[in-house]
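> My structure is below; once you've seen it, I'll send some questions.
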Amino acid sequence: MKDKRLVPIFIVVFVDILGFSIILPLLPYYAGVFHASDQTIGLLIASYSMCQFLAAPLLGNLSDSYGRRPVLLYSQLGSLFGFLLLGLAMKLPNPLAWMFVARMIDGFSGGNLTVAQAYISDIAPPEDRAKTFGMIIGGSFGLAFTIGPALGSVVSSRFGYDITAYVAAAISLTSILATTFLLPESQHQTDEARPRGLAMYTRALSYLSEPELRPLLLIFFFMSLPFTIYTTMFPLFAKKQLAFSVDQAGYFLALVGLLGVFWQAGMIGPTVKRFGEYKSLMMGLTASTFGLFYVVFVDVWWKLIVVALLFSFGHGISRPSLTSIISRSAPPNRRGGVFGAMTSLESVTRILGPIFGGWLIAVHPTWMGWVGGLLFAIATLIGLSLKTRESSSVTA
């Protein structure tokens, strides 16, 4: 990495996502101990995002005005306390209610990715942003989802779900220490006109009316929703469709994460250099569309490999390309706010995804493939309506 500041931000993002990825595949099984229904499990997973939806515009705007580090530290502290309470929930009266409280605390402080993306936009030159987003954000996601689900499965099967939550809390503490001692503040244009109160949400919505940002944010929404449905509901899908255990579900998600490391850390740079950001985005959306549609035909475990290859390639190429395009279309002094709006949109998908996904799987597990593929197809069609962005994007 040419810029040494990318090393600590990679550590911070990786450790944060590692703690999250340890917990995510286990929530359906953990809640199942207390006889939660499929719909309740969906609501539990969505509760985090309901709170993050409210918090993300605030945190993004605060980072534009007061700096990235303090907002990032606040987010990490919220994750730490949320994981600790999730572990304690098993020993408290009405444990399922405390699990909801734990996920909501984490959600109200959930600005880690928002601030990290704004930080990278501050320090990475425009021509390198897609590659940098792929290496830092994508690589962190891939590596964390390679290690996290497998580690969580091993710990939970041997020591219990509550111990797994404590492990996630310890990992979150490591992230706080990395931010405190390793991550310098970035130099960015301060937003002197930062809105207050409800105006923050009005500004976030206003980005959807801006011609440069509206189609890009709509693509982001329609690719994030099926991604959320698949990643949050996969353990339940695998349990019902293929009779997977928690260990097997965790190991498969680890395989997807490993593929993600390859695509995002190793392939995004050459792909964008060869085809450009817009064509790379379209390649990724097309691959994701076919990958989700193929879920319909999964009736034995080995067919999941086809899904994993198409889906991990599609997401690994499309997300960093789109994020880079959005970063160059956003006003330099409002990047945190724009990324906060993106996080809010993603939070909406994480609210709708588990609830909708729980209903789909309750009807029939393969419905997840039909609906997920259709949503990716909508994102692809919106993308086809765009002109190539490299020549018209604002250079920052």
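Chain labels run A, B, ... following the order of the structure tokens; each chain numbers its residues from 1, and ligands are numbered from 1 in the order shown.
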Could you list, with a cut-off of 10 Å and counting only C-alpha atoms, the residues of range 51-94 of chain A near range 17-27 of chain A, each shown with its nearest atom pair and the distance in Å rounded to one decimal, rows sorted by chain and ascending number, as JSON lines?

```
{"residue": "A:Ser79", "atom": "CA", "partner": "A:Phe20", "partner_atom": "CA", "distance": 8.7}
{"residue": "A:Leu80", "atom": "CA", "partner": "A:Gly19", "partner_atom": "CA", "distance": 9.3}
{"residue": "A:Phe83", "atom": "CA", "partner": "A:Gly19", "partner_atom": "CA", "distance": 8.6}
{"residue": "A:Leu86", "atom": "CA", "partner": "A:Ile23", "partner_atom": "CA", "distance": 9.6}
```
> Kindly save the residues from that selection, with N, CA and C atoms included, as a PDB file, in the first residue's frame.

```
ATOM      1  N   SER A  79     -20.438  -1.088  19.362  1.00  0.00           N
ATOM      2  CA  SER A  79     -20.332  -2.505  19.012  1.00  0.00           C
ATOM      3  C   SER A  79     -19.855  -3.327  20.202  1.00  0.00           C
ATOM      4  N   LEU A  80     -18.864  -2.806  20.930  1.00  0.00           N
ATOM      5  CA  LEU A  80     -18.328  -3.508  22.098  1.00  0.00           C
ATOM      6  C   LEU A  80     -19.430  -3.776  23.124  1.00  0.00           C
ATOM      7  N   PHE A  83     -22.099  -6.366  21.831  1.00  0.00           N
ATOM      8  CA  PHE A  83     -21.659  -7.756  21.887  1.00  0.00           C
ATOM      9  C   PHE A  83     -21.647  -8.284  23.323  1.00  0.00           C
ATOM     10  N   LEU A  86     -25.133  -9.043  24.303  1.00  0.00           N
ATOM     11  CA  LEU A  86     -25.604 -10.224  23.585  1.00  0.00           C
ATOM     12  C   LEU A  86     -25.146 -11.500  24.291  1.00  0.00           C
TER      13      LEU A  86
END
```
> Hey, what's within 7 Å of range 144-153 of chain A if we count only C-alpha atoms and toss same-chain stuff fewer than 3 positions away? As a ChimeraX atom specification, please?
/A:14,17-18,21-23,25,140-141,156-157,164,246-247,250-251,253-255,257-258
> If you measure from CA of Arg5 in chain A to CA of Ala118 in chain A, what distance in Å do you get, rounded to one decimal?
13.4 Å
> Residues near Val101 in chain A, anyone? I mean within 10 Å using only C-alpha atoms, not counting same-chain ones fewer than 5 positions away, as a PyMOL selection string.
chain A and resi 44+47-48+82+85-86+89+95-96+106-107
> From the options A:Pro8, A:Pro226, A:Gly42, A:Gly314, which residue's atoms come nearest to Ile120 in chain A, counting only C-alpha atoms?
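With only C-alpha atoms as the atom set, the closest residue is A:Pro8.
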> Taking into account only C-alpha atoms, which residue in the set A:Met267, A:Ala249, A:Ile361, A:Ala308 is nearest to Met135 in chain A?
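Closest candidate: A:Met267.
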> Here is a test: counting only C-alpha atoms, which residue of A:Phe313, A:Phe220, A:Trp301, A:Phe339 is nearest to Asp64 in chain A?
A:Phe339
> Apply DSSP to the backbone of this structure and, from range 85-194 of chain A, keep only the residues in helix (DSSP H, G or I); write these as number ranges by chain.
A: 85-91, 95-108, 112-123, 126-159, 161-182
> Could you check which of A:Ile378, A:Leu88, A:Val306, A:Leu259 is closest to Pro215 in chain A, using only C-alpha atoms?
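Ranked by minimum distance to Pro215 in chain A, first place goes to A:Ile378.
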> Please indicate the distance in Å from CA of Leu375 in chain A to CA of Gly260 in chain A, rounded to one decimal place.
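Computing it gives 21.0 Å between the two atoms.
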> Which residue, A:Thr349, A:Arg68, A:Met50, A:Leu58, has the smallest gap to Ile105 in chain A when you use only C-alpha atoms?
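Nearest candidate to Ile105 in chain A out of A:Thr349, A:Arg68, A:Met50, A:Leu58: A:Met50.
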> By how many Å are CA of Gly32 in chain A and CA of Val155 in chain A apart?
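CA of Gly32 in chain A sits 17.3 Å away from CA of Val155 in chain A.
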> I want to know what sits within 10 Å of Phe222 in chain A, based on only C-alpha atoms, with residues of the same chain fewer than 2 positions away left out; could you give that as number ranges by chain?
A: 217-220, 224-227, 345-346, 349, 372, 374-380, 382
> Using only C-alpha atoms, which protein or nucleic acid residues come within 7 Å of Pro320 in chain A? Drop anything in the same chain fewer than 2 positions from it, and give the result as a PyMOL selection string.
chain A and resi 130+133-134+317-318+322-324
> List as a list in words the protein and nucleic acid residues near Ser344 in chain A, meaning an atom at most 8 Å away when only C-alpha atoms are counted, but skip any in the same chain fewer than 2 places from it.
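Those residues are Gln52, Phe53, Leu54, Ala56, Pro57, Gly340, Ala341, Met342, Glu346, Ser347 and Val348 of chain A.
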> Excluding same-chain residues fewer than 6 positions from Val307 in chain A, what lies within 10 Å of it counting only C-alpha atoms, as a PDB file with C-alpha atoms, in the first residue's frame?

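Here's the written file around03.pdb:
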```
ATOM      1  CA  VAL A 256     -17.702 -17.208   0.000  1.00  0.00           C
ATOM      2  CA  ALA A 287     -22.929 -12.136 -12.540  1.00  0.00           C
ATOM      3  CA  SER A 288     -24.844 -11.501  -9.305  1.00  0.00           C
ATOM      4  CA  PHE A 290     -27.338 -15.192 -12.568  1.00  0.00           C
ATOM      5  CA  GLY A 291     -25.838 -16.297  -9.233  1.00  0.00           C
ATOM      6  CA  LEU A 292     -29.015 -15.544  -7.286  1.00  0.00           C
ATOM      7  CA  PHE A 293     -31.299 -17.066  -9.904  1.00  0.00           C
ATOM      8  CA  TYR A 294     -29.264 -20.290  -9.674  1.00  0.00           C
ATOM      9  CA  VAL A 295     -30.255 -20.593  -5.985  1.00  0.00           C
ATOM     10  CA  PHE A 297     -31.858 -25.026  -8.575  1.00  0.00           C
ATOM     11  CA  VAL A 298     -29.853 -25.782  -5.421  1.00  0.00           C
ATOM     12  CA  PHE A 313     -17.423 -12.355  -8.226  1.00  0.00           C
TER      13      PHE A 313
END
```
